[in-house]
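Visitor: my_file31.cif is the file, holding mmCIF, C-alpha atoms:
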data_target
loop_
_atom_site.label_atom_id
_atom_site.label_comp_id
_atom_site.auth_asym_id
_atom_site.auth_seq_id
_atom_site.Cartn_x
_atom_site.Cartn_y
_atom_site.Cartn_z
CA MET X 78 -7.84 66.68 92.27
CA HIS X 79 -6.18 63.35 92.86
CA ASN X 80 -7.25 60.30 90.98
CA THR X 81 -8.12 57.29 93.08
CA LYS X 82 -5.02 55.30 92.31
CA THR X 83 -2.47 57.85 93.52
CA GLN X 84 -4.71 58.47 96.50
CA ASP X 85 -4.71 54.77 97.35
CA THR X 86 -0.94 54.65 97.00
CA LEU X 87 -0.46 57.69 99.21
CA VAL X 88 -2.72 56.24 101.89
CA GLY X 89 -0.80 52.98 101.67
CA LEU X 90 2.48 54.84 102.05
CA PHE X 91 1.10 56.79 105.00
CA VAL X 92 -0.04 53.68 106.86
CA ALA X 93 3.20 51.88 106.05
CA SER X 94 5.32 54.77 107.29
CA GLY X 95 3.23 55.00 110.47
CA ILE X 96 3.74 51.33 111.18
CA ALA X 97 7.43 51.64 110.32
CA ALA X 98 7.66 54.50 112.84
CA LEU X 99 6.08 52.32 115.54
CA PHE X 100 8.50 49.54 114.71
CA TYR X 101 11.42 51.97 114.77
CA MET X 102 10.39 53.25 118.20
CA ALA X 103 10.16 49.71 119.51
CA MET X 104 13.55 48.64 118.20
CA GLN X 105 15.70 51.75 118.25
CA VAL X 106 14.30 53.86 121.07
CA SER X 107 13.19 51.30 123.63
CA ASN X 108 14.89 48.37 125.28
CA LEU X 109 13.04 45.87 123.10
CA GLY X 110 16.04 45.64 120.76
CA SER X 111 18.21 44.28 123.53
CA TYR X 112 15.43 42.23 125.05
CA THR X 113 15.98 38.52 125.11
CA GLY X 114 12.86 36.50 125.75
CA GLY X 115 14.95 33.38 126.26
CA GLU X 116 15.19 31.07 129.22
CA THR X 117 16.45 32.41 132.51
CA TYR X 118 17.30 31.04 135.91
CA THR X 119 17.05 32.81 139.24
CA ILE X 120 19.82 33.40 141.73
CA ILE X 121 19.40 35.03 145.11
CA ALA X 122 21.67 37.31 147.08
CA GLN X 123 21.12 38.78 150.52
CA PHE X 124 22.50 42.28 150.99
CA GLN X 125 22.74 44.31 154.14
CA ASN X 126 21.54 47.26 152.14
CA SER X 127 20.45 47.20 148.52
CA GLY X 128 20.58 50.98 148.24
CA GLY X 129 18.97 52.42 145.13
CA LEU X 130 18.70 49.08 143.35
CA LYS X 131 15.43 48.70 141.48
CA ILE X 132 13.54 45.93 139.78
CA LYS X 133 14.93 45.58 136.23
CA SER X 134 18.30 46.98 137.24
CA PRO X 135 21.02 45.24 135.24
CA VAL X 136 23.10 42.34 136.51
CA SER X 137 26.52 42.15 134.91
CA VAL X 138 29.71 40.17 134.87
CA ALA X 139 32.86 42.03 133.82
CA GLY X 140 30.66 44.86 132.53
CA VAL X 141 28.52 42.65 130.28
CA ARG X 142 24.84 42.47 131.11
CA ILE X 143 23.75 38.90 131.75
CA GLY X 144 20.40 39.44 133.46
CA ARG X 145 18.12 41.69 135.45
CA VAL X 146 16.94 42.11 139.03
CA SER X 147 13.51 40.52 139.29
CA SER X 148 12.49 41.19 142.89
CA ILE X 149 13.70 43.00 145.97
CA ARG X 150 12.16 42.32 149.35
CA LEU X 151 13.02 42.60 153.01
CA ASP X 152 13.88 39.52 155.03
CA LYS X 153 11.80 39.88 158.18
CA ASP X 154 14.17 38.03 160.50
CA SER X 155 17.51 39.49 159.57
CA HIS X 156 16.23 42.85 158.35
CA GLU X 157 18.30 42.47 155.25
CA SER X 158 17.39 42.90 151.62
CA ILE X 159 16.83 39.81 149.50
CA VAL X 160 17.48 40.43 145.82
CA GLU X 161 16.42 37.91 143.20
CA MET X 162 18.09 38.10 139.82
CA GLN X 163 17.14 36.44 136.57
CA ILE X 164 20.19 35.32 134.65
CA GLU X 165 20.07 34.25 131.03
CA SER X 166 20.43 30.49 130.76
CA GLN X 167 23.37 30.68 128.38
CA TYR X 168 25.49 31.94 131.27
CA ASN X 169 25.10 28.78 133.35
CA ASN X 170 28.74 28.39 134.32
CA LEU X 171 29.10 30.92 137.15
CA PRO X 172 31.09 29.25 139.97
CA ASP X 173 29.07 28.80 143.17
CA ASP X 174 31.61 30.78 145.19
CA SER X 175 31.06 33.89 143.06
CA GLY X 176 30.49 37.20 144.81
CA ALA X 177 27.86 39.84 144.21
CA SER X 178 28.26 43.56 144.82
CA ILE X 179 26.11 46.57 144.17
CA TYR X 180 27.90 49.29 142.24
CA THR X 181 26.88 52.62 140.81
CA ALA X 182 27.35 53.37 137.14
CA GLY X 183 29.26 56.63 137.25
CA LEU X 184 29.17 58.84 140.29
CA LEU X 185 25.44 59.49 140.28
CA GLY X 186 24.24 56.89 137.80
CA GLU X 187 21.89 54.00 138.33
CA GLN X 188 22.88 51.10 140.53
CA TYR X 189 23.50 47.61 139.25
CA VAL X 190 24.57 44.22 140.58
CA SER X 191 28.01 43.07 139.54
CA ILE X 192 28.83 39.40 139.90
CA ASP X 193 32.49 38.57 140.37
CA PRO X 194 33.13 34.97 139.34
CA GLY X 195 34.92 33.08 142.09
CA PRO X 196 37.81 30.65 141.72
CA GLY X 197 35.39 27.71 141.52
CA ILE X 198 37.08 25.53 144.16
CA SER X 199 34.16 23.13 144.52
CA GLY X 200 33.70 22.85 140.76
CA GLU X 201 29.97 23.49 141.17
CA PHE X 202 28.04 26.18 139.32
CA LEU X 203 25.23 28.47 140.45
CA LYS X 204 21.90 26.77 139.75
CA ASP X 205 18.31 27.93 139.79
CA ARG X 206 17.45 29.52 143.16
CA SER X 207 20.95 29.08 144.53
CA LYS X 208 22.18 31.76 146.88
CA ILE X 209 25.28 33.90 146.66
CA ASP X 210 26.98 34.14 150.06
CA ASN X 211 29.85 36.45 149.30
CA VAL X 212 28.13 39.83 149.00
CA SER X 213 29.03 43.46 149.48
CA SER X 214 26.34 46.05 149.89
CA ALA X 215 25.60 49.19 147.99
CA ILE X 216 27.83 52.14 148.64
CA ILE X 217 25.63 54.87 150.01
CA LEU X 218 27.17 58.19 149.09
CA GLU X 219 25.61 60.07 152.01
CA GLU X 220 26.96 57.51 154.45
CA MET X 221 30.46 57.85 153.04
CA ILE X 222 30.36 61.62 153.14
CA GLY X 223 29.09 61.41 156.71
CA LYS X 224 31.93 59.11 157.76
CA PHE X 225 34.48 61.24 155.96
CA LEU X 226 33.31 64.36 157.74
CA MET X 227 33.30 62.57 161.09
CA ASN X 228 36.89 61.40 160.54
CA LYS X 229 37.92 64.92 159.63
CA ALA X 230 36.34 66.23 162.80
CA ASP X 231 37.96 63.52 164.91
CA SER X 232 41.46 64.04 163.56
CA LYS X 233 41.43 67.71 164.35
CA MET R 15 -32.41 87.35 140.21
CA PHE R 16 -35.11 84.99 139.08
CA GLN R 17 -33.84 85.30 135.53
CA LEU R 18 -30.36 84.30 136.61
CA PHE R 19 -31.65 81.03 138.05
CA GLU R 20 -33.74 80.47 134.98
CA SER R 21 -30.82 80.90 132.61
CA LEU R 22 -28.60 78.78 134.87
CA GLY R 23 -31.14 75.98 134.83
CA GLN R 24 -31.55 76.23 131.11
CA SER R 25 -27.86 76.08 130.36
CA THR R 26 -27.45 73.11 132.70
CA ARG R 27 -30.30 71.32 130.99
CA GLU R 28 -28.88 72.15 127.59
CA SER R 29 -25.44 70.85 128.44
CA PHE R 30 -26.93 67.58 129.68
CA ALA R 31 -29.04 67.34 126.55
CA LYS R 32 -25.91 67.86 124.47
CA LEU R 33 -24.05 65.20 126.40
CA GLY R 34 -26.93 62.82 125.79
CA ARG R 35 -27.04 63.65 122.07
CA SER R 36 -23.30 63.19 121.73
CA SER R 37 -23.39 59.82 123.51
CA LEU R 38 -26.18 58.58 121.26
CA PHE R 39 -24.30 59.94 118.28
CA LEU R 40 -21.19 58.03 119.35
CA LEU R 41 -23.19 54.81 119.73
CA ASN R 42 -24.69 55.23 116.25
CA THR R 43 -21.29 55.98 114.79
CA LEU R 44 -19.73 52.92 116.39
CA ALA R 45 -22.64 50.82 115.15
CA GLY R 46 -21.88 52.06 111.64
CA VAL R 47 -18.19 51.13 111.82
CA PRO R 48 -18.66 47.47 110.75
CA ASP R 49 -20.47 48.69 107.63
CA THR R 50 -17.51 50.91 106.83
CA MET R 51 -15.23 47.89 106.89
CA THR R 52 -17.19 46.42 104.00
CA ARG R 53 -16.70 49.59 101.94
CA PRO R 54 -12.98 50.29 102.11
CA THR R 55 -13.05 52.92 99.33
CA LEU R 56 -14.89 55.34 101.62
CA LEU R 57 -12.38 54.72 104.36
CA VAL R 58 -9.37 55.15 102.09
CA LYS R 59 -10.69 58.46 100.86
CA GLN R 60 -11.05 59.71 104.44
CA LEU R 61 -7.68 58.32 105.46
CA PHE R 62 -6.25 60.42 102.67
CA SER R 63 -7.89 63.67 103.71
CA VAL R 64 -7.46 63.11 107.45
CA GLY R 65 -4.17 61.26 107.62
CA VAL R 66 -2.06 61.87 104.53
CA LEU R 67 -2.79 65.57 104.41
CA SER R 68 -1.84 65.91 108.11
CA PHE R 69 1.44 64.11 107.42
CA LEU R 70 3.43 67.20 106.53
CA ILE R 71 2.44 69.36 109.50
CA ILE R 72 3.03 66.46 111.88
CA THR R 73 6.48 65.61 110.55
CA ILE R 74 7.68 69.20 110.39
CA SER R 75 6.36 69.96 113.88
CA GLY R 76 7.90 66.76 115.20
CA LEU R 77 11.26 67.67 113.74
CA PHE R 78 11.27 71.12 115.31
CA VAL R 79 9.94 69.97 118.67
CA GLY R 80 12.67 67.33 118.79
CA MET R 81 15.32 69.86 117.83
CA VAL R 82 14.20 72.33 120.48
CA LEU R 83 14.15 69.56 123.09
CA GLY R 84 17.69 68.66 122.09
CA LEU R 85 18.84 72.25 122.40
CA GLN R 86 17.10 73.08 125.67
CA GLY R 87 17.87 69.72 127.20
CA PHE R 88 21.53 70.10 126.37
CA TYR R 89 21.85 73.46 128.06
CA THR R 90 20.12 72.24 131.21
CA LEU R 91 21.86 68.87 131.36
CA SER R 92 25.31 70.29 130.67
CA ASP R 93 25.08 72.21 133.95
CA PHE R 94 25.19 68.84 135.68
CA GLY R 95 27.66 67.28 133.30
CA ALA R 96 24.97 64.84 132.18
CA GLU R 97 24.85 65.61 128.46
CA GLU R 98 24.91 61.87 127.77
CA SER R 99 21.39 61.63 129.16
CA LEU R 100 20.11 63.90 126.41
CA GLY R 101 18.83 60.92 124.44
CA VAL R 102 16.80 59.70 127.40
CA MET R 103 15.32 63.12 128.01
CA VAL R 104 14.36 63.72 124.39
CA ALA R 105 12.97 60.23 123.85
CA ALA R 106 11.09 59.98 127.14
CA SER R 107 9.39 63.34 126.79
CA LEU R 108 8.48 62.67 123.15
CA VAL R 109 7.30 59.10 123.50
CA ARG R 110 5.40 59.58 126.73
CA GLU R 111 3.91 63.05 126.41
CA LEU R 112 4.71 65.32 123.52
CA GLY R 113 4.21 62.80 120.75
CA PRO R 114 0.65 61.81 121.63
CA VAL R 115 -0.43 65.22 122.97
CA VAL R 116 1.03 67.59 120.39
CA SER R 117 0.06 65.39 117.48
CA ALA R 118 -3.50 65.15 118.85
CA LEU R 119 -3.65 68.95 119.20
CA LEU R 120 -2.30 69.43 115.69
CA PHE R 121 -4.68 66.79 114.44
CA ALA R 122 -7.60 68.64 116.03
CA GLY R 123 -6.51 71.87 114.39
CA ARG R 124 -5.65 70.44 111.00
CA ALA R 125 -8.16 67.61 110.49
CA GLY R 126 -10.77 68.03 113.25
CA SER R 127 -11.73 71.56 112.28
CA ALA R 128 -11.95 70.51 108.62
CA LEU R 129 -14.24 67.61 109.53
CA THR R 130 -16.53 69.87 111.55
CA ALA R 131 -16.72 72.48 108.82
CA GLU R 132 -17.35 69.87 106.15
CA ILE R 133 -20.13 68.11 108.01
CA GLY R 134 -21.58 71.38 109.29
CA LEU R 135 -21.81 72.68 105.74
CA MET R 136 -23.35 69.41 104.58
CA LYS R 137 -25.99 69.92 107.23
CA ALA R 138 -26.46 73.62 106.38
CA THR R 139 -26.94 72.79 102.71
CA GLU R 140 -29.28 69.95 103.69
CA GLN R 141 -27.19 67.26 102.10
CA LEU R 142 -27.60 65.10 105.19
CA SER R 143 -31.40 65.42 105.06
CA GLY R 144 -31.20 64.70 101.33
CA MET R 145 -29.42 61.44 102.06
CA GLU R 146 -32.05 60.46 104.57
CA MET R 147 -34.70 61.16 101.93
CA MET R 148 -32.94 58.68 99.68
CA ALA R 149 -32.90 56.14 102.53
CA VAL R 150 -29.12 56.45 102.89
CA ASP R 151 -28.07 56.60 106.51
CA PRO R 152 -25.80 59.67 106.72
CA ILE R 153 -24.16 58.32 109.87
CA LYS R 154 -23.06 55.16 108.11
CA ARG R 155 -22.20 56.87 104.83
CA ILE R 156 -20.56 60.06 106.10
CA ILE R 157 -19.72 59.90 109.80
CA SER R 158 -18.46 56.38 110.47
CA PRO R 159 -15.74 56.34 107.76
CA ARG R 160 -14.43 59.68 109.00
CA PHE R 161 -14.49 58.48 112.58
CA LEU R 162 -12.60 55.31 111.74
CA ALA R 163 -10.09 57.25 109.65
CA GLY R 164 -9.37 59.63 112.54
CA PHE R 165 -9.13 56.74 114.96
CA ILE R 166 -6.61 54.94 112.73
CA SER R 167 -4.50 57.95 111.76
CA THR R 168 -3.78 59.51 115.17
CA PRO R 169 -1.63 56.69 116.58
CA LEU R 170 0.27 56.52 113.29
CA LEU R 171 0.77 60.28 113.26
CA ALA R 172 1.88 60.26 116.89
CA ALA R 173 4.40 57.50 116.15
CA LEU R 174 5.74 59.49 113.20
CA PHE R 175 5.93 62.60 115.37
CA SER R 176 7.94 60.84 118.07
CA THR R 177 10.23 59.07 115.64
CA ILE R 178 11.08 62.20 113.72
CA GLY R 179 11.37 64.16 116.96
CA VAL R 180 13.91 61.73 118.38
CA ASN R 181 15.94 62.04 115.20
CA GLY R 182 15.63 65.83 115.32
CA GLY R 183 16.98 65.74 118.88
CA HIS R 184 19.78 63.47 117.70
CA MET R 185 20.57 65.86 114.86
CA VAL R 186 20.95 68.82 117.22
CA GLY R 187 22.48 66.97 120.17
CA VAL R 188 24.94 64.75 118.35
CA GLY R 189 25.38 66.68 115.13
CA MET R 190 25.62 70.25 116.40
CA LEU R 191 26.39 70.11 120.13
CA GLY R 192 28.74 67.17 120.15
CA VAL R 193 27.01 64.68 122.45
CA ASP R 194 28.46 61.21 122.00
CA ASP R 195 26.49 59.22 119.45
CA GLY R 196 26.81 55.89 121.24
CA ALA R 197 25.86 57.29 124.64
CA PHE R 198 22.84 59.06 123.14
CA TRP R 199 21.29 55.84 121.84
CA ALA R 200 22.60 53.45 124.50
CA GLN R 201 21.27 55.47 127.44
CA MET R 202 17.98 55.93 125.61
CA GLN R 203 17.59 52.22 125.01
CA ALA R 204 18.56 51.45 128.59
CA SER R 205 15.96 53.80 130.06
CA ILE R 206 12.99 53.65 127.71
CA ASP R 207 10.90 50.61 128.46
CA PHE R 208 8.85 49.12 125.65
CA GLN R 209 5.76 48.35 127.71
CA GLN R 210 5.95 51.20 130.15
CA ASP R 211 6.74 53.97 127.70
CA ILE R 212 6.05 53.03 124.09
CA ILE R 213 2.88 51.02 124.57
CA ASN R 214 1.45 53.56 127.01
CA GLY R 215 2.22 56.36 124.55
CA VAL R 216 0.40 54.49 121.80
CA ILE R 217 -2.57 53.85 124.10
CA LYS R 218 -2.68 57.57 124.83
CA SER R 219 -2.73 58.51 121.18
CA ILE R 220 -5.47 55.96 120.47
CA VAL R 221 -7.61 57.50 123.21
CA PHE R 222 -6.90 61.02 121.92
CA GLY R 223 -7.75 60.01 118.34
CA PHE R 224 -11.04 58.56 119.54
CA VAL R 225 -11.98 61.66 121.51
CA VAL R 226 -10.87 64.25 118.96
CA SER R 227 -12.69 62.47 116.11
CA TRP R 228 -15.79 62.16 118.25
CA ILE R 229 -15.79 65.84 119.21
CA ALA R 230 -15.10 67.04 115.67
CA LEU R 231 -17.78 64.91 114.05
CA PHE R 232 -20.37 65.57 116.72
CA GLU R 233 -19.88 69.33 116.63
CA GLY R 234 -20.31 69.22 112.87
CA TYR R 235 -23.38 67.02 113.06
CA ASP R 236 -24.93 69.04 115.85
CA THR R 237 -24.22 72.45 114.37
CA ILE R 238 -26.83 75.15 113.92
CA PRO R 239 -27.19 75.09 110.13
CA THR R 240 -26.16 78.66 109.44
CA ALA R 241 -22.86 80.24 108.45
CA GLU R 242 -22.40 81.52 111.99
CA GLY R 243 -23.36 78.17 113.48
CA VAL R 244 -20.74 76.35 111.41
CA SER R 245 -18.06 78.84 112.37
CA ARG R 246 -18.91 78.47 116.04
CA ALA R 247 -18.96 74.71 115.81
CA THR R 248 -15.50 74.75 114.23
CA THR R 249 -14.17 76.91 117.03
CA ARG R 250 -15.76 74.66 119.64
CA THR R 251 -14.13 71.63 118.04
CA VAL R 252 -10.65 73.03 118.43
CA VAL R 253 -11.23 74.41 121.92
CA ASN R 254 -13.02 71.35 123.29
CA SER R 255 -10.54 68.97 121.70
CA ALA R 256 -7.66 70.83 123.33
CA PHE R 257 -9.37 70.69 126.72
CA ALA R 258 -10.27 67.04 126.33
CA VAL R 259 -6.79 66.02 125.17
CA LEU R 260 -4.95 67.89 127.92
CA GLY R 261 -7.37 66.81 130.64
CA LEU R 262 -7.35 63.18 129.54
CA ASP R 263 -3.57 63.30 129.29
CA PHE R 264 -3.34 64.16 132.96
CA ILE R 265 -5.71 61.36 133.93
CA LEU R 266 -4.00 58.81 131.70
CA THR R 267 -0.56 59.83 132.91
CA ALA R 268 -1.67 59.52 136.52
CA LEU R 269 -3.09 56.06 135.80
CA MET R 270 -0.12 54.82 133.77
CA PHE R 271 2.90 56.31 135.48
CA GLY R 272 1.37 57.15 138.87
CA ASP R 273 2.75 54.31 140.93
CA ILE R 274 5.84 52.70 139.59
#
What is this structure when it is put down as structure tokens?
Guide:
Amino acid sequence: MHNTKTQDTLVGLFVASGIAALFYMAMQVSNLGSYTGGETYTIIAQFQNSGGLKIKSPVSVAGVRIGRVSSIRLDKDSHESIVEMQIESQYNNLPDDSGASIYTAGLLGEQYVSIDPGPGISGEFLKDRSKIDNVSSAIILEEMIGKFLMNKADSK
Amino acid sequence: MFQLFESLGQSTRESFAKLGRSSLFLLNTLAGVPDTMTRPTLLVKQLFSVGVLSFLIITISGLFVGMVLGLQGFYTLSDFGAEESLGVMVAASLVRELGPVVSALLFAGRAGSALTAEIGLMKATEQLSGMEMMAVDPIKRIISPRFLAGFISTPLLAALFSTIGVNGGHMVGVGMLGVDDGAFWAQMQASIDFQQDIINGVIKSIVFGFVVSWIALFEGYDTIPTAEGVSRATTRTVVNSAFAVLGLDFILTALMFGDI
């Protein structure tokens, strides 16, 4: 039917294409293509409410992703949410008076942390494990709708 | 009444005996795998008949499954104005579930049944006993290379299935229905996690390849050596493989994605 040589070649092609498919899935389909295994540093922000923020949610400045959320936990004393973010080390010049807010991508999209670089009055930059003080919490859609309806009812 | 209990007891005993035989068979097969490594020509031949010959059915099925996902997903998602998430939907369902499961089912139908029939006929025509007479271990010579070939090919076939499926979905979604090309890939890459989705999908297909090859080879080896016996064994291979794959898929999914 087939002589051994073409058979060997076909098997080789098959295995190569299978491995190429795996590679393609890793690079094109998954987030591995945009993954940077480089050095990171951690910054912390304390939000009143971190809403639908999840671990691995993006952290961005001016719409460019510079890191990811690495942990979210509740502060027992203040009952607020403590969010730790890993920022790529190349972005080590964020002023220490920068603000952090939680926004939603689109109306119903996933939530992400946006860092707004401050004026940098002190000239210092955010370092590993430094804390952002100027924060604004997630906008909870239900809460807003609730308030809006209440206002409507009150004004009548 | 008494007969009912008798037959119940007998069938229970038989199914346990079969489980025992299949476990021993698996152990012997695995013990023969290192010997197969030293004789790559046997393995290559089986990779050809198990893997290369399944290539066409897997790629064509993958293409159509991806295209249908693109079409159906678009109509559902467009109700919510979320057509841009089509890429995520197509890729997630292919990489996590459909790729490993459908390719394992197709593999059982295309290659598993052929393996069972081949080995069953070898047994019916007493080729296996003939080998033993010549002091050739039929498990090492016949079974182990086929097992290894099945084990190697399924993850590769599943990866091909998913890859081609994603591109089929892209073809329909972006090419025909006008979803934005950039959003299709960007949202997909943002949502599909390498470890969580791709690696787990590959693990699934490895498990399925192991189980389907095991079932197919054991049914062939354990067949009643008659024409009817071989035909029944072939049927059992396809049916049992489908059960095993779908059942294991549920368990694996619950383990992998259960608590995120």
Visitor: What is the atom CA of X:Gly176 to atom CA of X:Ala139 distance in Å?
Guide: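 We find that atom CA of X:Gly176 and atom CA of X:Ala139 lie 12.2 Å from each other.
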Visitor: Any chance you could work out the residue set of the PyMOL selection byres ((chain R) within 10 of (chain X)) here, as number ranges by chain?
Guide: R: 55, 58-63, 65-67, 69, 96, 101-102, 105-106, 109, 166-178, 180, 199-213, 216
Visitor: Hey, can you check how far atom CA of X:Val138 sits from atom CA of X:Ser191?
Guide: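 Separation between atom CA of X:Val138 and atom CA of X:Ser191: 5.8 Å.
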Visitor: Could you check which of R:Phe264, R:Phe257, R:Phe222, R:Tyr235 is closest to R:Arg35, using all atoms listed in the file?
Guide: R:Tyr235
Visitor: Can you list what the PyMOL selection byres ((chain R and resi 144-160) around 10) grabs from this structure, as JSON, numbers by chain?
Guide: {"R": [39, 40, 42, 43, 44, 45, 46, 47, 48, 49, 50, 51, 53, 54, 55, 56, 57, 58, 59, 60, 61, 63, 64, 129, 133, 136, 137, 139, 140, 141, 142, 143, 161, 162, 163, 164, 165, 166, 227, 228, 230, 231, 232, 234, 235]}
Visitor: Take atom CA of X:Ile120 and atom CA of X:Arg145 and report the distance between them in Å, one decimal.
Guide: 10.5 Å
Visitor: Got a sec to check which residues sit within 8 Å of (-20.3, 73.3, 107.7), counting all atoms listed in the file, and write them as a PyMOL selection string?
Guide: chain R and resi 130-138+234+237+239+241+244-245
Visitor: Return as JSON the box centre and box size in Å, one decimal, for an axis-aligned box around all listed atoms of stretch 87-100 of chain R padded by 5 Å per side.
Guide:
{"center_x": 22.8, "center_y": 67.5, "center_z": 131.0, "size_x": 19.8, "size_y": 21.8, "size_z": 19.3}
Visitor: Please provide the set of residues having any atom within 12 Å of stretch 82-85 of chain R, restricted to all atoms listed in the file, with same-chain residues fewer than 6 positions apart removed, written as an MDAnalysis selection string.
Guide: chainID R and resid 75:76 91:92 97:108 112 176 179:193 198
Visitor: Which residue gives the smallest distance to X:Ser158 among X:Phe124, X:Phe202, X:Tyr118, X:Phe225, with all atoms listed in the file counted?
Guide: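 Residue with the minimum atom-to-atom distance to X:Ser158: X:Phe124.
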Visitor: Determine the residue membership of the PyMOL selection byres ((chain X and resi 163) around 10) for the file above and supply it as a VMD selection string.
Guide: chain X and resid 116 to 121 133 135 to 136 143 to 148 161 to 162 164 to 166 205 to 206
